[in-house]
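See structure below.
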Amino acid sequence: MKNSIKHDLATGNSYDKKSVRQAWELIKTSDKITLLTHSQPDGDGVSACAALDYILSRIGKQVETVYPNKPEFDFKRCPKNVLINKHIQNPDLIIACDTANYERLYFPNSFKSIPLINIDHHISNSLNGMFDFVNGQSSSACEELYLLLSLWDANVIDQYVAECLLFGIIYDSQLFHIQSTTSTTLEISAKLMNCGANLFQLKTELLSNKSYKILMLWGKLLSNIKVSSNKNAVWAVVTQQDLKAVGVEISSLIGFNNLMSQICDVDVTLFFYETEQGQTKVSLRSKVTDVNEFAKQFGGGGHTNSAGILCNKPITQVVEEITSKL
């Protein structure tokens, strides 16, 4: 039976206590646990898995983490036993973090009969777990994981776990800039800092110090921004050829769409970029428009003011198809 959990931001205490307790009992009685997150794993999904891997390993569980493919960026805190698009153990329990649908997970048929705990913050979440801890108003999966851990056993949140969770929060909240940043987000972040997480160091780790090469790339992208005919949207495009010409990695693009959304007097910003595998990713931000609904037209989704699209079409075709709908 599905147990959907909605967290009341006003009270901070409206999880169904029975379901929370049952989920924790399921974790404690499971010996082999497999952690999952979405394709092109990001800082929120990786950090949530890293925190759970650390905690579960310490209490004697056999833990593996499965990504559908490699993360685009190198993260400092990662799960110890990571597998790409395969699993080795036959798990007693699966925990999925930060993933809205099965299409973005590694989820073979053999997993369908295994109990699933779903921890997420996407309003478009369609996973059907034994326990679904999903709050579409939350800043991140790491924010929801903190709330669960604090109810399961707050003593497991040491400095390392606090660093994982706070990094995931600032990654997905774009350093507390997006609309889903709430007073709960800030309260939790303060508690994580009290547990030893250094916000300044994590912020520096996330943004890094921009080299002249990265600034050159950003300057080129900014000079080539396109504006929709109604002046309501702007977009930028970067290809693998652009990255190679400057000599930087795709990680140099972290924060670029956030910058556009701050400096542009428009509602919607879109950032198109080409992955090393030849896929096209689109990052969408908005001040008013529901970009989650817009992204659904192209197989994407996410949040009201922050969404994404991933497809196998050439980047020029994707740019044309999406911007024509603006």
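Identifiers in the structure tokens: chain A, B, ... in order shown; residue index from 1 per chain; ligand index from 1 in order shown.
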
DSSP on the backbone, helix (DSSP H, G or I) only: what residues of segment 34-271 of chain A does that give? Format it as a ChimeraX atom specification. /A:43-58,102-104,109-111,141-156,159-172,183-194,199-207,212-223,240-246,250-253,256-263

Neighbours of Ile59 of chain A within 12 Å (only C-alpha atoms; same-chain residues fewer than 4 positions away dropped), as number ranges by chain? A: 27-33, 52-55, 63, 153, 156

Might you pull out every residue within 8 Å of Leu116 of chain A, with only C-alpha atoms counted and same-chain residues fewer than 5 positions away left off, and present them as a VMD selection string? chain A and resid 93 to 96 128 to 131

Only all heavy atoms, please: the residues just picked out, written as an mmCIF file, in the first residue's frame.
```
data_model
loop_
_atom_site.group_PDB
_atom_site.id
_atom_site.type_symbol
_atom_site.label_atom_id
_atom_site.label_comp_id
_atom_site.auth_asym_id
_atom_site.auth_seq_id
_atom_site.Cartn_x
_atom_site.Cartn_y
_atom_site.Cartn_z
ATOM 1 N N LEU A 93 15.888 -4.095 0.149
ATOM 2 C CA LEU A 93 15.221 -2.792 0.163
ATOM 3 C C LEU A 93 15.899 -1.868 -0.836
ATOM 4 O O LEU A 93 17.119 -1.907 -0.998
ATOM 5 C CB LEU A 93 15.304 -2.171 1.571
ATOM 6 C CG LEU A 93 14.810 -0.741 1.741
ATOM 7 C CD1 LEU A 93 13.313 -0.628 1.476
ATOM 8 C CD2 LEU A 93 15.140 -0.225 3.145
ATOM 9 N N ILE A 94 15.094 -1.039 -1.480
ATOM 10 C CA ILE A 94 15.605 -0.014 -2.398
ATOM 11 C C ILE A 94 15.183 1.349 -1.873
ATOM 12 O O ILE A 94 14.034 1.535 -1.468
ATOM 13 C CB ILE A 94 15.057 -0.220 -3.825
ATOM 14 C CG1 ILE A 94 15.528 -1.556 -4.393
ATOM 15 C CG2 ILE A 94 15.482 0.923 -4.747
ATOM 16 C CD1 ILE A 94 14.814 -1.958 -5.665
ATOM 17 N N ILE A 95 16.108 2.296 -1.881
ATOM 18 C CA ILE A 95 15.790 3.677 -1.516
ATOM 19 C C ILE A 95 16.159 4.563 -2.697
ATOM 20 O O ILE A 95 17.321 4.606 -3.105
ATOM 21 C CB ILE A 95 16.546 4.138 -0.247
ATOM 22 C CG1 ILE A 95 16.248 3.202 0.925
ATOM 23 C CG2 ILE A 95 16.151 5.569 0.104
ATOM 24 C CD1 ILE A 95 17.011 3.551 2.199
ATOM 25 N N ALA A 96 15.167 5.243 -3.249
ATOM 26 C CA ALA A 96 15.390 6.151 -4.377
ATOM 27 C C ALA A 96 15.390 7.585 -3.880
ATOM 28 O O ALA A 96 14.486 7.991 -3.141
ATOM 29 C CB ALA A 96 14.307 5.953 -5.441
ATOM 30 N N ASN A 128 6.049 4.794 -7.296
ATOM 31 C CA ASN A 128 5.045 4.166 -6.441
ATOM 32 C C ASN A 128 5.747 3.288 -5.423
ATOM 33 O O ASN A 128 5.885 2.084 -5.606
ATOM 34 C CB ASN A 128 4.068 3.352 -7.296
ATOM 35 C CG ASN A 128 2.918 2.802 -6.475
ATOM 36 O OD1 ASN A 128 2.565 3.346 -5.446
ATOM 37 N ND2 ASN A 128 2.352 1.697 -6.939
ATOM 38 N N GLY A 129 6.205 3.886 -4.335
ATOM 39 C CA GLY A 129 6.944 3.155 -3.327
ATOM 40 C C GLY A 129 6.057 2.602 -2.236
ATOM 41 O O GLY A 129 4.885 2.963 -2.109
ATOM 42 N N MET A 130 6.614 1.728 -1.438
ATOM 43 C CA MET A 130 5.907 1.295 -0.238
ATOM 44 C C MET A 130 5.720 2.477 0.688
ATOM 45 O O MET A 130 4.689 2.621 1.349
ATOM 46 C CB MET A 130 6.687 0.176 0.470
ATOM 47 C CG MET A 130 6.034 -0.308 1.745
ATOM 48 S SD MET A 130 6.900 -1.701 2.499
ATOM 49 C CE MET A 130 6.513 -3.023 1.355
ATOM 50 N N PHE A 131 6.757 3.354 0.706
ATOM 51 C CA PHE A 131 6.672 4.610 1.451
ATOM 52 C C PHE A 131 7.157 5.731 0.533
ATOM 53 O O PHE A 131 8.271 5.662 0.012
ATOM 54 C CB PHE A 131 7.524 4.559 2.725
ATOM 55 C CG PHE A 131 7.094 3.497 3.685
ATOM 56 C CD1 PHE A 131 7.761 2.278 3.737
ATOM 57 C CD2 PHE A 131 6.010 3.702 4.533
ATOM 58 C CE1 PHE A 131 7.362 1.286 4.618
ATOM 59 C CE2 PHE A 131 5.603 2.714 5.418
ATOM 60 C CZ PHE A 131 6.276 1.503 5.461
#
```

Please report the interatomic distance between atom CA of Glu64 of chain A and atom CA of Ser251 of chain A in Å with one decimal.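 Interatomic distance, atom CA of Glu64 of chain A to atom CA of Ser251 of chain A: 25.5 Å.
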
Please give the complete set of residues from segment 195-268 of chain A that DSSP, run on the backbone, assigns to strand (DSSP E or B), formatted as a list in words.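 After running DSSP on the backbone, segment 195-268 of chain A has strand (DSSP E or B) at Lys226, Val227, Ala233, Val234, Trp235, Ala236, Val237, Val238 and Val268 of chain A.
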
Contacts of segment 75-81 of chain A at 10 Å or less, counting only C-alpha atoms, minus same-chain residues fewer than 6 places along, as a ChimeraX atom specification? /A:35,42-43,45-54,57,62-66,160-161,163-164,167,202,205-206

How would the residues just chosen look if you wrote them out with N, CA and C atoms as a PDB file, in the first residue's frame?
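Generated file (out.pdb):
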```pdb
ATOM      1  N   LEU A  35      20.788   1.867  -3.117  1.00  0.00           N
ATOM      2  CA  LEU A  35      20.401   3.265  -3.248  1.00  0.00           C
ATOM      3  C   LEU A  35      20.393   3.651  -4.718  1.00  0.00           C
ATOM      4  N   ASP A  42      23.084  14.664  -9.928  1.00  0.00           N
ATOM      5  CA  ASP A  42      23.511  16.011  -9.556  1.00  0.00           C
ATOM      6  C   ASP A  42      23.880  16.072  -8.077  1.00  0.00           C
ATOM      7  N   GLY A  43      24.174  17.283  -7.607  1.00  0.00           N
ATOM      8  CA  GLY A  43      24.659  17.453  -6.249  1.00  0.00           C
ATOM      9  C   GLY A  43      23.671  17.064  -5.178  1.00  0.00           C
ATOM     10  N   GLY A  45      21.064  14.645  -5.523  1.00  0.00           N
ATOM     11  CA  GLY A  45      20.908  13.199  -5.519  1.00  0.00           C
ATOM     12  C   GLY A  45      22.145  12.478  -5.014  1.00  0.00           C
ATOM     13  N   VAL A  46      23.328  12.892  -5.467  1.00  0.00           N
ATOM     14  CA  VAL A  46      24.574  12.264  -5.028  1.00  0.00           C
ATOM     15  C   VAL A  46      24.778  12.474  -3.530  1.00  0.00           C
ATOM     16  N   SER A  47      24.499  13.678  -3.040  1.00  0.00           N
ATOM     17  CA  SER A  47      24.702  13.975  -1.620  1.00  0.00           C
ATOM     18  C   SER A  47      23.750  13.187  -0.732  1.00  0.00           C
ATOM     19  N   ALA A  48      22.501  13.030  -1.173  1.00  0.00           N
ATOM     20  CA  ALA A  48      21.545  12.237  -0.404  1.00  0.00           C
ATOM     21  C   ALA A  48      21.998  10.784  -0.325  1.00  0.00           C
ATOM     22  N   CYS A  49      22.453  10.243  -1.446  1.00  0.00           N
ATOM     23  CA  CYS A  49      22.956   8.872  -1.455  1.00  0.00           C
ATOM     24  C   CYS A  49      24.217   8.729  -0.609  1.00  0.00           C
ATOM     25  N   ALA A  50      25.083   9.746  -0.671  1.00  0.00           N
ATOM     26  CA  ALA A  50      26.320   9.696   0.125  1.00  0.00           C
ATOM     27  C   ALA A  50      26.008   9.668   1.615  1.00  0.00           C
ATOM     28  N   ALA A  51      25.048  10.483   2.046  1.00  0.00           N
ATOM     29  CA  ALA A  51      24.665  10.514   3.456  1.00  0.00           C
ATOM     30  C   ALA A  51      24.067   9.179   3.882  1.00  0.00           C
ATOM     31  N   LEU A  52      23.169   8.624   3.073  1.00  0.00           N
ATOM     32  CA  LEU A  52      22.546   7.347   3.409  1.00  0.00           C
ATOM     33  C   LEU A  52      23.557   6.205   3.380  1.00  0.00           C
ATOM     34  N   ASP A  53      24.438   6.200   2.398  1.00  0.00           N
ATOM     35  CA  ASP A  53      25.467   5.163   2.312  1.00  0.00           C
ATOM     36  C   ASP A  53      26.322   5.149   3.571  1.00  0.00           C
ATOM     37  N   TYR A  54      26.719   6.317   4.018  1.00  0.00           N
ATOM     38  CA  TYR A  54      27.553   6.459   5.224  1.00  0.00           C
ATOM     39  C   TYR A  54      26.810   5.954   6.461  1.00  0.00           C
ATOM     40  N   SER A  57      25.959   2.037   6.190  1.00  0.00           N
ATOM     41  CA  SER A  57      27.173   1.225   6.334  1.00  0.00           C
ATOM     42  C   SER A  57      27.612   1.166   7.788  1.00  0.00           C
ATOM     43  N   GLN A  62      24.771  -3.895   4.091  1.00  0.00           N
ATOM     44  CA  GLN A  62      25.497  -4.005   2.837  1.00  0.00           C
ATOM     45  C   GLN A  62      24.847  -3.038   1.850  1.00  0.00           C
ATOM     46  N   VAL A  63      25.612  -2.027   1.438  1.00  0.00           N
ATOM     47  CA  VAL A  63      25.035  -0.937   0.652  1.00  0.00           C
ATOM     48  C   VAL A  63      25.736  -0.825  -0.691  1.00  0.00           C
ATOM     49  N   GLU A  64      24.961  -0.691  -1.732  1.00  0.00           N
ATOM     50  CA  GLU A  64      25.477  -0.320  -3.042  1.00  0.00           C
ATOM     51  C   GLU A  64      24.619   0.819  -3.572  1.00  0.00           C
ATOM     52  N   THR A  65      25.223   1.678  -4.398  1.00  0.00           N
ATOM     53  CA  THR A  65      24.507   2.795  -5.013  1.00  0.00           C
ATOM     54  C   THR A  65      24.621   2.651  -6.521  1.00  0.00           C
ATOM     55  N   VAL A  66      23.500   2.776  -7.209  1.00  0.00           N
ATOM     56  CA  VAL A  66      23.488   2.593  -8.659  1.00  0.00           C
ATOM     57  C   VAL A  66      23.049   3.879  -9.345  1.00  0.00           C
ATOM     58  N   TYR A 160      29.940  14.769   8.935  1.00  0.00           N
ATOM     59  CA  TYR A 160      29.978  14.330   7.534  1.00  0.00           C
ATOM     60  C   TYR A 160      28.579  14.325   6.920  1.00  0.00           C
ATOM     61  N   VAL A 161      27.623  13.768   7.641  1.00  0.00           N
ATOM     62  CA  VAL A 161      26.249  13.736   7.138  1.00  0.00           C
ATOM     63  C   VAL A 161      25.729  15.158   6.956  1.00  0.00           C
ATOM     64  N   GLU A 163      27.465  17.811   6.270  1.00  0.00           N
ATOM     65  CA  GLU A 163      28.087  18.379   5.069  1.00  0.00           C
ATOM     66  C   GLU A 163      27.392  17.877   3.802  1.00  0.00           C
ATOM     67  N   CYS A 164      27.094  16.584   3.761  1.00  0.00           N
ATOM     68  CA  CYS A 164      26.396  16.024   2.593  1.00  0.00           C
ATOM     69  C   CYS A 164      25.056  16.723   2.393  1.00  0.00           C
ATOM     70  N   PHE A 167      25.287  20.494   1.471  1.00  0.00           N
ATOM     71  CA  PHE A 167      25.737  20.667   0.087  1.00  0.00           C
ATOM     72  C   PHE A 167      24.589  20.406  -0.878  1.00  0.00           C
ATOM     73  N   LEU A 202      31.522  24.952   1.748  1.00  0.00           N
ATOM     74  CA  LEU A 202      30.663  24.227   0.816  1.00  0.00           C
ATOM     75  C   LEU A 202      30.268  25.111  -0.363  1.00  0.00           C
ATOM     76  N   GLU A 205      33.252  25.303  -2.564  1.00  0.00           N
ATOM     77  CA  GLU A 205      33.381  24.018  -3.249  1.00  0.00           C
ATOM     78  C   GLU A 205      32.399  23.921  -4.417  1.00  0.00           C
ATOM     79  N   LEU A 206      31.194  24.442  -4.219  1.00  0.00           N
ATOM     80  CA  LEU A 206      30.167  24.372  -5.252  1.00  0.00           C
ATOM     81  C   LEU A 206      30.480  25.288  -6.424  1.00  0.00           C
TER      82      LEU A 206
END
```

Give me, as a PyMOL selection string, all polymer residues having an atom no more than 10 Å from Leu243 of chain A, counting only C-alpha atoms and skipping those fewer than 4 positions away in the same chain. chain A and resi 213-214+217+238-239+247-250+252-253+274

Prev. selection, N, CA, C and O atoms, output as an mmCIF file, in the first residue's frame:
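Result file is out.cif:
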```cif
data_model
loop_
_atom_site.group_PDB
_atom_site.id
_atom_site.type_symbol
_atom_site.label_atom_id
_atom_site.label_comp_id
_atom_site.auth_asym_id
_atom_site.auth_seq_id
_atom_site.Cartn_x
_atom_site.Cartn_y
_atom_site.Cartn_z
ATOM 1 N N LYS A 213 39.679 31.081 -18.139
ATOM 2 C CA LYS A 213 39.070 30.316 -19.221
ATOM 3 C C LYS A 213 37.553 30.230 -19.057
ATOM 4 O O LYS A 213 36.791 30.357 -20.014
ATOM 5 N N ILE A 214 37.129 30.000 -17.822
ATOM 6 C CA ILE A 214 35.690 29.909 -17.562
ATOM 7 C C ILE A 214 35.032 31.263 -17.774
ATOM 8 O O ILE A 214 33.947 31.356 -18.354
ATOM 9 N N LEU A 217 34.484 31.794 -21.396
ATOM 10 C CA LEU A 217 33.332 31.050 -21.902
ATOM 11 C C LEU A 217 32.036 31.738 -21.506
ATOM 12 O O LEU A 217 31.137 31.918 -22.332
ATOM 13 N N VAL A 238 25.319 26.149 -25.414
ATOM 14 C CA VAL A 238 26.735 25.788 -25.419
ATOM 15 C C VAL A 238 26.869 24.344 -25.895
ATOM 16 O O VAL A 238 26.092 23.467 -25.507
ATOM 17 N N THR A 239 27.830 24.099 -26.769
ATOM 18 C CA THR A 239 28.079 22.768 -27.311
ATOM 19 C C THR A 239 29.401 22.225 -26.766
ATOM 20 O O THR A 239 30.199 22.959 -26.158
ATOM 21 N N GLY A 247 38.792 24.940 -23.527
ATOM 22 C CA GLY A 247 39.573 24.030 -22.700
ATOM 23 C C GLY A 247 39.048 23.889 -21.296
ATOM 24 O O GLY A 247 39.836 23.852 -20.337
ATOM 25 N N VAL A 248 37.709 23.806 -21.143
ATOM 26 C CA VAL A 248 37.117 23.645 -19.825
ATOM 27 C C VAL A 248 36.153 22.471 -19.841
ATOM 28 O O VAL A 248 35.748 21.982 -20.897
ATOM 29 N N GLU A 249 35.776 22.009 -18.635
ATOM 30 C CA GLU A 249 34.827 20.916 -18.498
ATOM 31 C C GLU A 249 33.415 21.466 -18.364
ATOM 32 O O GLU A 249 33.206 22.661 -18.123
ATOM 33 N N ILE A 250 32.455 20.562 -18.464
ATOM 34 C CA ILE A 250 31.056 20.973 -18.360
ATOM 35 C C ILE A 250 30.722 21.508 -16.967
ATOM 36 O O ILE A 250 29.778 22.274 -16.784
ATOM 37 N N SER A 252 32.132 23.750 -15.508
ATOM 38 C CA SER A 252 32.317 25.200 -15.510
ATOM 39 C C SER A 252 31.006 25.947 -15.731
ATOM 40 O O SER A 252 30.943 27.169 -15.584
ATOM 41 N N LEU A 253 29.944 25.216 -16.081
ATOM 42 C CA LEU A 253 28.650 25.832 -16.362
ATOM 43 C C LEU A 253 27.778 25.951 -15.126
ATOM 44 O O LEU A 253 26.688 26.536 -15.196
ATOM 45 N N GLU A 274 25.077 20.647 -24.525
ATOM 46 C CA GLU A 274 25.306 19.328 -25.120
ATOM 47 C C GLU A 274 26.203 18.507 -24.207
ATOM 48 O O GLU A 274 27.255 18.979 -23.769
#
```

What is the atom CA of Ala141 of chain A-atom CA of Lys287 of chain A distance in Å, reported with one decimal?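 Atom CA of Lys287 of chain A lies at a distance of 21.7 Å from atom CA of Ala141 of chain A.
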
Within 8 Å of Leu192 of chain A, counting only C-alpha atoms, which residues show up once you throw out same-chain ones fewer than 6 positions away? Write them as a list in words, please. Ala162, Glu163, Leu165 and Leu166 of chain A

Atomic separation - atom CA of Val237 of chain A relative to atom CA of Asn224 of chain A, Å: 8.3 Å

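Closest approach to Val319 of chain A from the set A:Gln241, A:Thr280, A:Thr275, A:Ser110 is made by A:Thr280, with distances taken over only C-alpha atoms.
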
Choose the residue, out of A:Cys264, A:Met216, A:Ile117, A:Cys311, that has the smallest atom-to-atom separation from Gln22 of chain A; count only C-alpha atoms.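 Comparing A:Cys264, A:Met216, A:Ile117, A:Cys311 against Gln22 of chain A, the winner is A:Ile117.
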